[in-house]
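my_file29.txt follows (compact mmCIF, C-alpha atoms):
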# COMPACT_ATOMS: atom_id res chain seq x y z
CA MET A 1 -19.54 12.71 -2.58
CA ARG A 2 -15.79 12.40 -2.13
CA LEU A 3 -13.26 10.09 -0.54
CA THR A 4 -9.56 10.54 0.07
CA ARG A 5 -7.91 7.12 0.13
CA LEU A 6 -8.32 3.73 -1.46
CA SER A 7 -9.24 2.30 1.95
CA GLN A 8 -12.12 4.79 2.16
CA TYR A 9 -13.07 4.13 -1.45
CA LEU A 10 -13.86 0.49 -0.67
CA ILE A 11 -17.32 0.94 0.65
CA VAL A 12 -19.50 -1.98 1.61
CA GLY A 13 -22.88 -1.58 -0.11
CA SER A 14 -26.48 -1.56 1.00
CA PHE A 15 -26.55 -5.20 2.12
CA GLY A 16 -24.30 -4.27 5.07
CA PHE A 17 -22.18 -7.42 4.95
CA MET A 18 -20.77 -8.75 8.19
CA VAL A 19 -18.58 -11.83 8.30
CA MET A 20 -20.29 -14.23 10.68
CA THR A 21 -18.89 -17.40 12.16
CA ALA A 22 -20.81 -20.46 13.18
CA HIS A 23 -20.99 -21.09 16.91
CA ALA A 24 -22.25 -23.93 19.00
CA GLN A 25 -25.45 -23.17 20.87
CA SER A 26 -25.95 -24.57 24.31
CA ALA A 27 -29.16 -26.49 24.94
CA SER A 28 -29.10 -25.56 28.63
CA THR A 29 -31.60 -23.22 30.25
CA MET A 30 -30.56 -19.77 31.40
CA ALA A 31 -33.69 -19.12 33.47
CA THR A 32 -37.33 -20.19 33.73
CA VAL A 33 -40.09 -17.57 33.86
CA ASN A 34 -43.60 -18.76 34.77
CA GLY A 35 -42.68 -22.20 33.50
CA VAL A 36 -41.20 -20.95 30.21
CA ALA A 37 -37.51 -21.76 29.71
CA ILE A 38 -35.12 -19.14 28.34
CA PRO A 39 -32.30 -21.04 26.59
CA GLN A 40 -28.67 -20.28 27.37
CA SER A 41 -28.12 -19.91 23.63
CA ARG A 42 -30.19 -16.72 23.66
CA LEU A 43 -27.90 -15.15 26.24
CA ASP A 44 -24.84 -16.34 24.31
CA LEU A 45 -26.19 -14.65 21.18
CA MET A 46 -26.75 -11.39 23.05
CA VAL A 47 -23.21 -11.53 24.46
CA LYS A 48 -21.84 -12.04 20.96
CA ALA A 49 -23.87 -9.09 19.62
CA SER A 50 -22.61 -6.89 22.47
CA GLY A 51 -19.04 -7.94 21.72
CA ALA A 52 -19.50 -6.90 18.08
CA GLN A 53 -20.43 -3.43 19.42
CA GLY A 54 -17.25 -3.22 21.47
CA GLN A 55 -18.53 -4.33 24.88
CA GLU A 56 -16.23 -6.65 26.82
CA ASP A 57 -17.59 -10.02 27.89
CA GLY A 58 -17.67 -10.54 31.64
CA PRO A 59 -19.87 -11.32 34.66
CA GLU A 60 -21.37 -7.82 34.82
CA LEU A 61 -22.36 -7.80 31.14
CA ARG A 62 -23.83 -11.28 31.34
CA LYS A 63 -25.78 -10.43 34.48
CA ALA A 64 -27.24 -7.30 32.87
CA LEU A 65 -28.16 -9.16 29.69
CA ARG A 66 -29.70 -12.00 31.71
CA GLU A 67 -31.89 -9.52 33.60
CA ASN A 68 -32.93 -7.89 30.32
CA LEU A 69 -33.90 -11.23 28.81
CA ILE A 70 -35.95 -12.16 31.89
CA THR A 71 -37.75 -8.82 31.78
CA GLU A 72 -38.40 -9.22 28.07
CA GLU A 73 -39.85 -12.70 28.63
CA ILE A 74 -42.16 -11.37 31.36
CA LEU A 75 -43.35 -8.57 29.07
CA THR A 76 -43.77 -10.96 26.14
CA GLN A 77 -45.92 -13.28 28.23
CA GLU A 78 -48.07 -10.34 29.35
CA ALA A 79 -48.52 -9.18 25.74
CA ILE A 80 -49.60 -12.67 24.71
CA LYS A 81 -52.00 -12.86 27.67
CA LYS A 82 -53.63 -9.68 26.35
CA GLY A 83 -53.90 -11.16 22.85
CA LEU A 84 -51.51 -8.67 21.31
CA ASP A 85 -49.72 -11.43 19.42
CA ARG A 86 -52.87 -11.68 17.27
CA ASP A 87 -52.95 -7.99 16.38
CA PRO A 88 -52.43 -7.73 12.57
CA GLU A 89 -49.83 -4.98 12.88
CA VAL A 90 -47.87 -6.95 15.49
CA VAL A 91 -48.07 -10.08 13.33
CA SER A 92 -46.61 -8.07 10.44
CA GLN A 93 -43.79 -6.72 12.62
CA ILE A 94 -42.94 -10.22 13.79
CA GLU A 95 -42.85 -11.47 10.20
CA ILE A 96 -40.57 -8.58 9.18
CA ALA A 97 -38.18 -9.42 12.03
CA ARG A 98 -38.28 -13.09 11.02
CA GLN A 99 -37.44 -12.21 7.42
CA ALA A 100 -34.55 -9.98 8.52
CA ALA A 101 -33.07 -12.81 10.61
CA LEU A 102 -33.39 -15.25 7.72
CA ILE A 103 -31.78 -12.81 5.29
CA ARG A 104 -28.81 -12.35 7.65
CA ALA A 105 -28.53 -16.13 7.88
CA LEU A 106 -28.61 -16.42 4.09
CA GLN A 107 -25.85 -13.80 3.77
CA ALA A 108 -23.75 -15.68 6.34
CA ASP A 109 -24.33 -18.94 4.49
CA TYR A 110 -23.33 -17.31 1.19
CA ILE A 111 -20.11 -15.94 2.71
CA LYS A 112 -19.30 -19.33 4.24
CA ASN A 113 -19.73 -21.15 0.93
CA ASN A 114 -18.27 -18.59 -1.48
CA ALA A 115 -14.70 -17.88 -0.44
CA VAL A 116 -12.90 -15.17 -2.43
CA GLY A 117 -9.48 -16.32 -3.59
CA GLU A 118 -6.27 -14.33 -3.16
CA ASP A 119 -5.88 -13.96 -6.93
CA THR A 120 -9.35 -12.41 -7.20
CA LEU A 121 -8.56 -9.98 -4.40
CA LYS A 122 -5.31 -8.91 -6.03
CA ARG A 123 -7.01 -8.38 -9.40
CA GLU A 124 -9.66 -6.25 -7.71
CA TYR A 125 -6.96 -4.27 -5.92
CA ASP A 126 -5.06 -3.63 -9.16
CA MET A 127 -8.26 -2.58 -10.92
CA LEU A 128 -9.13 -0.16 -8.13
CA LYS A 129 -5.64 1.35 -8.25
CA VAL A 130 -6.12 2.03 -11.96
CA GLN A 131 -9.54 3.56 -11.34
CA MET A 132 -8.21 5.76 -8.56
CA GLY A 133 -5.28 7.00 -10.61
CA ASP A 134 -1.94 8.18 -9.30
CA LYS A 135 -2.93 11.68 -8.16
CA GLU A 136 -5.04 13.36 -5.51
CA TYR A 137 -6.67 16.72 -6.10
CA LYS A 138 -7.25 19.65 -3.80
CA ALA A 139 -10.19 21.60 -5.18
CA ARG A 140 -12.96 23.93 -4.22
CA HIS A 141 -16.37 24.39 -5.73
CA ILE A 142 -19.55 26.41 -5.62
CA LEU A 143 -22.72 24.38 -6.08
CA VAL A 144 -25.95 26.06 -7.19
CA GLU A 145 -29.31 24.85 -8.44
CA ASN A 146 -29.37 26.28 -11.97
CA GLU A 147 -26.98 26.84 -14.86
CA SER A 148 -27.60 30.54 -15.31
CA GLU A 149 -26.61 31.31 -11.73
CA ALA A 150 -23.47 29.19 -12.15
CA ARG A 151 -22.52 31.11 -15.31
CA ASP A 152 -23.02 34.42 -13.50
CA ILE A 153 -20.69 33.19 -10.73
CA ILE A 154 -18.02 32.20 -13.25
CA ALA A 155 -18.23 35.63 -14.86
CA ASN A 156 -17.96 37.27 -11.44
CA LEU A 157 -14.91 35.18 -10.49
CA LYS A 158 -13.14 35.98 -13.76
CA LYS A 159 -13.57 39.65 -12.93
CA GLY A 160 -11.80 39.13 -9.61
CA GLY A 161 -14.64 37.98 -7.36
CA ASP A 162 -13.78 36.34 -4.03
CA PHE A 163 -14.34 32.58 -4.46
CA ALA A 164 -14.60 31.82 -0.72
CA LYS A 165 -17.04 34.67 -0.10
CA ILE A 166 -19.29 33.66 -3.01
CA ALA A 167 -19.20 30.02 -1.90
CA ALA A 168 -20.23 30.99 1.63
CA GLU A 169 -23.10 33.12 0.31
CA LYS A 170 -24.41 31.06 -2.59
CA SER A 171 -23.27 27.43 -2.46
CA ILE A 172 -25.89 24.84 -1.52
CA ASP A 173 -23.21 22.35 -0.47
CA ASP A 174 -23.44 22.84 3.28
CA GLY A 175 -20.42 20.62 3.89
CA SER A 176 -17.98 22.80 1.96
CA LYS A 177 -19.49 26.30 1.91
CA VAL A 178 -18.31 26.97 5.48
CA ASN A 179 -14.76 26.37 4.22
CA GLY A 180 -15.09 28.65 1.23
CA GLY A 181 -16.08 25.74 -0.98
CA GLU A 182 -12.87 23.84 -0.23
CA LEU A 183 -12.94 20.04 -0.53
CA ASN A 184 -10.64 17.45 1.04
CA TRP A 185 -7.75 15.90 -0.84
CA SER A 186 -9.36 13.27 -3.07
CA PRO A 187 -8.63 11.16 -6.14
CA ALA A 188 -10.68 12.18 -9.16
CA ALA A 189 -12.50 8.83 -9.12
CA ALA A 190 -13.95 9.64 -5.70
CA TYR A 191 -16.25 12.22 -7.30
CA VAL A 192 -19.22 11.67 -9.58
CA ARG A 193 -18.06 11.33 -13.20
CA PRO A 194 -18.84 14.79 -14.70
CA PHE A 195 -17.14 16.43 -11.72
CA SER A 196 -14.11 14.11 -11.84
CA GLU A 197 -13.65 14.52 -15.58
CA ALA A 198 -13.75 18.31 -15.33
CA LEU A 199 -11.37 18.29 -12.37
CA ALA A 200 -8.81 16.08 -14.13
CA LYS A 201 -8.67 18.53 -17.08
CA LEU A 202 -8.00 21.62 -14.99
CA GLU A 203 -4.60 23.21 -14.51
CA LYS A 204 -3.48 24.30 -11.08
CA GLY A 205 -5.25 27.53 -10.08
CA LYS A 206 -7.64 27.40 -13.03
CA LEU A 207 -11.42 27.59 -13.00
CA THR A 208 -13.92 25.68 -15.13
CA ASP A 209 -14.97 27.85 -18.08
CA ASN A 210 -18.45 26.32 -18.04
CA PRO A 211 -20.61 25.03 -15.19
CA VAL A 212 -20.40 21.27 -14.56
CA HIS A 213 -23.75 19.53 -14.24
CA THR A 214 -24.20 16.52 -11.90
CA ASN A 215 -27.16 15.06 -10.08
CA PHE A 216 -26.30 17.43 -7.21
CA GLY A 217 -26.74 20.57 -9.30
CA TRP A 218 -24.38 22.93 -11.20
CA HIS A 219 -20.75 23.23 -10.06
CA VAL A 220 -18.17 25.93 -10.49
CA ILE A 221 -14.84 24.18 -9.84
CA GLN A 222 -11.35 25.48 -9.18
CA LEU A 223 -8.27 23.26 -8.86
CA ILE A 224 -6.05 24.37 -6.00
CA ASP A 225 -3.28 21.76 -6.20
CA THR A 226 -2.39 18.12 -6.92
CA ARG A 227 -0.12 15.58 -5.23
CA PRO A 228 0.90 11.93 -5.75
CA MET A 229 -1.72 9.44 -4.62
CA ASP A 230 -0.87 7.69 -1.35
CA VAL A 231 -2.11 4.16 -2.11
CA PRO A 232 -2.31 1.79 0.88
CA ALA A 233 -0.66 -1.60 0.56
CA PHE A 234 -2.72 -4.60 -0.53
CA ASP A 235 -2.63 -6.20 2.94
CA GLU A 236 -4.03 -3.02 4.51
CA VAL A 237 -7.20 -3.10 2.43
CA LYS A 238 -7.50 -6.79 1.57
CA GLU A 239 -10.43 -7.41 3.93
CA ASN A 240 -12.25 -4.32 2.62
CA ILE A 241 -11.76 -5.63 -0.89
CA ARG A 242 -13.08 -9.04 0.16
CA GLN A 243 -16.23 -7.39 1.48
CA ARG A 244 -16.58 -5.39 -1.73
CA VAL A 245 -16.33 -8.51 -3.91
CA LEU A 246 -18.71 -10.50 -1.71
CA GLN A 247 -21.22 -7.66 -1.73
CA ARG A 248 -21.12 -7.46 -5.51
CA GLU A 249 -21.41 -11.22 -5.93
CA PHE A 250 -24.25 -11.47 -3.42
CA ALA A 251 -26.09 -8.69 -5.28
CA ALA A 252 -25.76 -10.77 -8.46
CA TYR A 253 -27.05 -13.79 -6.54
CA VAL A 254 -30.07 -11.77 -5.38
CA GLN A 255 -30.80 -10.70 -8.96
CA GLU A 256 -30.55 -14.32 -10.09
CA LEU A 257 -33.10 -15.34 -7.44
CA ARG A 258 -35.40 -12.50 -8.47
CA SER A 259 -35.20 -13.54 -12.13
CA LYS A 260 -36.34 -17.04 -11.17
CA ALA A 261 -39.09 -15.92 -8.80
CA LYS A 262 -42.72 -15.83 -9.91
CA VAL A 263 -43.97 -12.37 -8.96
CA GLU A 264 -47.60 -11.51 -9.68
Whole structure given in structure tokens:
Amino acid sequence: MRLTRLSQYLIVGSFGFMVMTAHAQSASTMATVNGVAIPQSRLDLMVKASGAQGQEDGPELRKALRENLITEEILTQEAIKKGLDRDPEVVSQIEIARQAALIRALQADYIKNNAVGEDTLKREYDMLKVQMGDKEYKARHILVENESEARDIIANLKKGGDFAKIAAEKSIDDGSKVNGGELNWSPAAAYVRPFSEALAKLEKGKLTDNPVHTNFGWHVIQLIDTRPMDVPAFDEVKENIRQRVLQREFAAYVQELRSKAKVE
């Protein structure tokens, strides 16, 4: 629900973009199992995937991956011998995996052929700085399911009730209730709009007079303090911004394809 810095604010969306580079695939054979060749390119791909997960390339890694690929080929051959490759559910799973691989390839092709210029990145950065504002807020809240309960809590707090105690007892936000409802330092734009708008209007130490409704429920909000926003330099977040722009543009590309598709 909240984020504390511009670098955290730049989230890559549901397509899970990953910049991929083209690589030459060897036509040589890594091993032969019952007459079936396992290409070296398959091992190279597994090494690359392991490297993306932080594993260091080396003889031990390659040996382990080679053994895994041989075992997988043996098991695949046995499954085919039993006719499992003709099972409808297995056929569907194979088709799903094929589609996923093709979609990743399409994303990589889109990234390769749609470079984002420096001017576009800087405009996006400037726009995000405006959206984020120049302040961060330290706040706490109590989240409940209905308005009447939220109003009762506000009345209780105005009579001197203990905010932290009420938050621990009544808030349905498990992430903050253990801290007395306290939230991390965040720009207003990091919250959903009704919450951010209410927060920006509060004075230090003040409480919302009325409950704030969001898709999470009903909030009672108190502003603890504010401080100047620590905005990272453009170069620090440039690649995050590039991913953000590409994700948005690819989503538009997907919608364009859908609009042209004949779906019955």
Using all atoms listed in the file, which protein or nucleic acid residues come within 6 Å of segment 125-140 of chain A? Drop anything in the same chain fewer than 4 positions from it, and give the result as a PyMOL selection string. chain A and resi 181-183+185-187+189+221-229
Calculate how many Å separate atom CA of Val192 of chain A from atom CA of His219 of chain A, rounding to one decimal.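 Computing the Euclidean distance for atom CA of Val192 of chain A and atom CA of His219 of chain A yields 11.7 Å.
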Long-range neighbours of Glu169 of chain A as a list in words, 12 Å cut-off, only C-alpha atoms, 5 positions minimum in chain: Ile142, Leu143, Val144, Ile153, Asp162, Phe163, Ala164, Asp174, Ser176, Lys177, Val178, Asn179, Gly180 and Gly181 of chain A
Nearest candidate to Gly175 of chain A (options A:Asn240, A:His141, A:Val220, A:Ser196; using only C-alpha atoms):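 Checking each candidate against Gly175 of chain A, we get A:His141 as the closest.
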In Å to one decimal, how far is atom CA of Phe195 of chain A from atom CA of Leu207 of chain A?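 Interatomic distance here is 12.6 Å.
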Non-local contacts of Gln107 of chain A (8 Å; only C-alpha atoms; under 3 positions in same chain excluded) as a ChimeraX atom specification: /A:17,103-104,110-111,250
Selection from above, C-alpha atoms, as a PDB file, in the coordinates of the input, can you write it?
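Dumped to result32.pdb:
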ATOM      1  CA  PHE A  17     -22.180  -7.420   4.950  1.00  0.00           C
ATOM      2  CA  ILE A 103     -31.780 -12.810   5.290  1.00  0.00           C
ATOM      3  CA  ARG A 104     -28.810 -12.350   7.650  1.00  0.00           C
ATOM      4  CA  TYR A 110     -23.330 -17.310   1.190  1.00  0.00           C
ATOM      5  CA  ILE A 111     -20.110 -15.940   2.710  1.00  0.00           C
ATOM      6  CA  PHE A 250     -24.250 -11.470  -3.420  1.00  0.00           C
TER       7      PHE A 250
END
Please determine the residues with any atom at most 10 Å from (-21.4, 32.5, -12.6) (coordinates as given in the file, with only C-alpha atoms counting) and report them as a ChimeraX atom specification. /A:142,144,147-158,166,209-211,219-220
If we count all atoms listed in the file and set the cut-off at 10 Å, which residues sit around Val47 of chain A, ignoring sequence neighbours fewer than 3 positions away in its own chain? Please answer as a VMD selection string. chain A and resid 41 to 44 50 to 53 55 to 58 61 to 62 65 to 66
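For the atom pair formed by atom CA of Lys112 of chain A and atom CA of Val254 of chain A, the distance is 16.3 Å, given to one decimal.
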Ranking A:Thr214, A:Lys165, A:Glu197, A:Gln40 by minimum distance to Ser28 of chain A and counting only C-alpha atoms, which one comes first?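 Answer, going by the shortest atom-to-atom distance: A:Gln40.
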